[in-house]
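J.: Next up, final12.csv (CSV, C-alpha atoms).
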chain,number,residue,atom,x,y,z
N,1,MET,CA,-96.2,-91.9,-142.6
N,2,THR,CA,-94.6,-91.2,-139.2
N,3,ILE,CA,-93.0,-87.9,-138.3
N,4,HIS,CA,-90.4,-88.1,-135.5
N,5,SER,CA,-90.1,-84.4,-134.7
N,6,GLU,CA,-87.4,-84.8,-132.0
N,7,GLU,CA,-85.1,-86.7,-134.5
N,8,HIS,CA,-86.1,-84.5,-137.5
N,9,VAL,CA,-87.0,-87.7,-139.4
N,10,VAL,CA,-90.0,-88.6,-141.6
N,11,ASP,CA,-90.6,-92.3,-142.2
N,12,VAL,CA,-92.9,-93.3,-145.1
N,13,HIS,CA,-94.1,-96.8,-145.9
N,14,VAL,CA,-96.0,-97.4,-149.2
N,15,ARG,CA,-97.4,-100.9,-149.7
N,16,SER,CA,-98.7,-101.3,-153.2
N,17,GLY,CA,-97.5,-104.6,-154.6
N,18,VAL,CA,-94.6,-104.2,-157.1
N,19,TYR,CA,-94.7,-100.4,-156.4
N,20,SER,CA,-93.9,-100.8,-152.6
N,21,SER,CA,-91.3,-98.6,-151.1
N,22,ASP,CA,-89.9,-97.2,-147.8
N,23,THR,CA,-88.6,-93.7,-147.7
N,24,ILE,CA,-86.7,-91.8,-145.0
N,25,PHE,CA,-86.4,-88.0,-144.9
N,26,ASP,CA,-83.6,-87.4,-142.5
N,27,TYR,CA,-83.5,-83.6,-142.0
N,28,SER,CA,-80.8,-83.6,-139.4
N,29,HIS,CA,-78.3,-85.3,-141.8
N,30,GLY,CA,-79.8,-83.6,-144.9
N,31,TYR,CA,-80.6,-86.8,-146.9
N,32,ILE,CA,-83.5,-88.7,-148.4
N,33,ALA,CA,-83.2,-92.5,-148.9
N,34,THR,CA,-85.8,-94.6,-150.7
N,35,ARG,CA,-85.8,-98.4,-150.7
N,36,LEU,CA,-87.6,-99.7,-153.8
N,37,PHE,CA,-88.6,-103.3,-153.1
N,38,SER,CA,-89.0,-104.0,-156.9
N,39,ARG,CA,-85.3,-103.1,-157.5
N,40,ASN,CA,-83.9,-104.4,-154.2
N,41,ALA,CA,-81.8,-101.2,-153.9
N,42,CYS,CA,-81.6,-97.9,-152.0
N,43,PHE,CA,-81.5,-94.5,-153.7
N,44,ILE,CA,-80.1,-91.6,-151.8
N,45,MET,CA,-80.3,-87.8,-152.5
N,46,LYS,CA,-79.2,-84.7,-150.7
N,47,ILE,CA,-82.2,-82.7,-149.5
N,48,SER,CA,-82.6,-79.6,-151.6
N,49,LYS,CA,-84.6,-76.8,-149.9
N,50,GLU,CA,-85.9,-75.7,-153.3
N,51,LEU,CA,-87.4,-79.1,-154.0
N,52,ILE,CA,-88.2,-80.7,-150.6
N,53,PRO,CA,-90.6,-79.1,-148.1
N,54,GLU,CA,-89.5,-78.5,-144.6
N,55,LEU,CA,-90.4,-81.0,-141.9
N,56,GLU,CA,-93.1,-78.7,-140.5
N,57,GLU,CA,-94.6,-78.2,-144.0
N,58,ILE,CA,-94.8,-82.0,-144.5
N,59,GLY,CA,-96.6,-82.4,-141.2
N,60,ARG,CA,-99.1,-79.6,-142.1
N,61,LEU,CA,-99.8,-81.0,-145.5
N,62,ALA,CA,-100.3,-84.5,-144.1
N,63,PHE,CA,-102.8,-83.1,-141.5
N,64,GLU,CA,-104.7,-81.1,-144.1
N,65,THR,CA,-104.9,-84.1,-146.4
N,66,GLN,CA,-106.2,-86.3,-143.6
N,67,THR,CA,-108.7,-83.9,-142.1
N,68,MET,CA,-110.0,-82.3,-145.2
N,69,ARG,CA,-110.1,-85.4,-147.3
N,70,ASN,CA,-109.1,-83.3,-150.3
N,71,VAL,CA,-107.2,-84.9,-153.1
N,72,TYR,CA,-104.0,-82.9,-153.5
N,73,SER,CA,-101.9,-83.3,-156.5
N,74,PRO,CA,-98.5,-83.7,-155.0
N,75,ASN,CA,-95.4,-81.9,-156.0
N,76,ASN,CA,-93.1,-84.2,-157.9
N,77,VAL,CA,-89.3,-84.3,-157.6
N,78,TRP,CA,-87.6,-86.0,-160.5
N,79,ALA,CA,-84.2,-87.7,-159.9
N,80,GLN,CA,-81.9,-89.9,-162.0
N,81,PHE,CA,-79.3,-92.5,-161.2
N,82,GLN,CA,-76.6,-94.2,-163.3
N,83,PRO,CA,-77.1,-97.9,-163.5
N,84,GLY,CA,-74.0,-99.9,-162.6
N,85,THR,CA,-72.7,-97.2,-160.2
N,86,SER,CA,-73.9,-98.7,-157.0
N,87,VAL,CA,-71.8,-99.1,-153.8
N,88,LEU,CA,-72.4,-101.0,-150.6
N,89,GLY,CA,-72.5,-98.7,-147.6
N,90,HIS,CA,-69.5,-98.5,-145.3
N,91,LEU,CA,-69.0,-96.9,-141.9
N,92,LYS,CA,-68.2,-93.4,-143.4
N,93,ASP,CA,-71.4,-93.6,-145.5
N,94,TRP,CA,-73.5,-94.4,-142.4
N,95,LEU,CA,-71.9,-91.6,-140.5
N,96,LEU,CA,-72.8,-89.2,-143.3
N,97,TYR,CA,-76.4,-90.5,-143.9
N,98,GLY,CA,-77.3,-91.3,-140.3
N,99,LYS,CA,-78.7,-94.3,-138.4
N,100,SER,CA,-82.2,-94.1,-139.8
N,101,ILE,CA,-80.9,-94.5,-143.4
N,102,GLU,CA,-78.4,-97.1,-142.3
N,103,ARG,CA,-81.3,-99.2,-140.9
N,104,LEU,CA,-83.2,-98.8,-144.2
N,105,CYS,CA,-80.4,-99.5,-146.6
N,106,SER,CA,-77.8,-101.6,-144.9
N,107,GLY,CA,-76.8,-104.6,-147.1
N,108,LEU,CA,-78.4,-103.1,-150.2
N,109,PRO,CA,-76.7,-101.5,-153.2
N,110,LEU,CA,-76.7,-97.6,-152.8
N,111,TYR,CA,-77.3,-95.3,-155.8
N,112,GLN,CA,-76.8,-91.6,-155.7
N,113,LEU,CA,-79.7,-89.6,-157.1
N,114,VAL,CA,-79.4,-86.3,-158.9
N,115,ALA,CA,-82.4,-84.0,-159.2
N,116,THR,CA,-83.4,-83.4,-162.8
N,117,GLU,CA,-86.2,-81.8,-164.8
N,118,PRO,CA,-89.3,-83.9,-165.6
N,119,LEU,CA,-88.5,-86.5,-168.3
N,120,GLU,CA,-90.5,-87.1,-171.4
N,121,ARG,CA,-89.9,-90.8,-171.5
N,122,ILE,CA,-90.8,-92.3,-168.1
N,123,ASP,CA,-90.7,-96.0,-168.8
N,124,GLY,CA,-88.2,-97.4,-166.4
N,125,CYS,CA,-89.0,-94.8,-163.7
N,126,ALA,CA,-90.2,-95.8,-160.3
N,127,SER,CA,-92.5,-93.8,-158.0
N,128,ALA,CA,-91.9,-93.3,-154.2
N,129,GLY,CA,-92.2,-90.5,-151.7
N,130,ILE,CA,-95.2,-89.4,-149.7
N,131,PRO,CA,-98.6,-90.2,-151.5
N,132,SER,CA,-100.7,-87.1,-152.0
N,133,ILE,CA,-98.0,-84.8,-150.7
N,134,LEU,CA,-94.6,-85.3,-152.4
N,135,GLY,CA,-93.9,-87.6,-155.2
N,136,LEU,CA,-90.4,-88.9,-155.9
N,137,LYS,CA,-89.8,-90.1,-159.5
N,138,ILE,CA,-86.7,-92.2,-159.7
N,139,CYS,CA,-85.4,-92.8,-163.3
N,140,GLU,CA,-82.4,-94.5,-164.8
N,141,GLN,CA,-80.1,-92.1,-166.6
N,142,LEU,CA,-79.8,-93.2,-170.2
N,143,ILE,CA,-76.3,-93.1,-171.5
N,144,SER,CA,-76.0,-92.3,-175.2
N,145,THR,CA,-73.9,-94.8,-177.1
N,146,GLY,CA,-72.8,-92.2,-179.7
N,147,SER,CA,-74.0,-94.2,-182.7
Could I get this structure in the form of structure tokens?
T.:
Amino acid sequence: MTIHSEEHVVDVHVRSGVYSSDTIFDYSHGYIATRLFSRNACFIMKISKELIPELEEIGRLAFETQTMRNVYSPNNVWAQFQPGTSVLGHLKDWLLYGKSIERLCSGLPLYQLVATEPLERIDGCASAGIPSILGLKICEQLISTGS
């Protein structure tokens, strides 16, 4: 994890085989973007102050985790996306999301995430975020067929 205080950006790289991801927390633009390598897509969510710690808090938690060697159970943010609703980023998207997210997601399908309550059925969910600090659970929104 790298914190760029002057740019108000946190850059997280998780290398764990099929569970690998890169996540950008861009506080100056107010968005989080996660690139899940297993799905070859980017997932974008507006930063909610109720769910996502401030930049300084993330830095403090990272320092405490590293120096104390304590195992924290991270806060988890649950989010859903609708399959089949992706778009490719255009200039207006990159102006909204910022250069850091553009570098991460350019050329990939973009899905909008919506925060949700924890789900009972988690098959099909992917994990990302900041290990030991803030978990991000990304799940497909199941659409009822009405039958």
J.: Hey, which of N:Lys92, N:Arg103, N:Arg121, N:Arg60 ends up closest to N:Thr23? Count all atoms listed in the file.
T.: N:Arg103
J.: Step by step: start from the point (-95.7, -86.0, -159.1) in the file's coordinates, keep every protein, DNA or RNA residue that has an atom no farther than 7 Å from it, count all atoms listed in the file, and write the set as number ranges by chain.
T.: N: 74-77, 134-136
J.: May I have the residues within 9 Å of stretch 15-18 of chain N as a PyMOL selection string, using all atoms listed in the file and disregarding those fewer than 5 positions away in the same chain?
T.: chain N and resi 36-38
J.: Within 9 Å of N:Leu108, counting only C-alpha atoms, which residues show up once you throw out same-chain ones fewer than 4 positions away? Write them as a list of chain:residue names, please.
T.: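 Here the answer would be N:Arg35, N:Asn40, N:Ala41, N:Cys42, N:Val87, N:Leu88, N:Gly89, N:Leu104.
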J.: Provide the atom CA of N:Phe81 to atom CA of N:Cys105 distance in Å, to one decimal place.
T.: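 These atoms are spaced 16.2 Å apart.
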J.: As a VMD selection string, please: the residues near N:Val114 (cut-off 10 Å, all atoms listed in the file, same-chain neighbours under 6 positions excluded).
T.: chain N and resid 43 to 46 78 to 82 138 to 139 141
J.: Could you tell me how far atom CA of N:Pro118 lies from atom CA of N:His13, in Å and to one decimal?
T.: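 Computing it gives 24.0 Å between the two atoms.
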J.: Atom CA of N:Ile101 to atom CA of N:Ile24: how many Å, to one decimal?
T.: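 Value for the atom CA of N:Ile101-atom CA of N:Ile24 distance: 6.6 Å.
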J.: Considering only C-alpha atoms, can you say which of N:Lys49, N:His90, N:Lys99, N:Arg39 comes closest to N:Ala126?
T.: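 Closest candidate: N:Arg39.
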J.: Select, from N:Leu113, N:Ile58, N:Leu95, N:Leu51, the residue with the minimum atom-to-atom distance to N:Val9, counting only C-alpha atoms.
T.: N:Ile58
J.: For N:Cys125, work out the shell of residues within 8 Å, counting all atoms listed in the file and skipping chain neighbours fewer than 2 positions away, then give it as a PyMOL selection string.
T.: chain N and resi 122-123+127+137-140
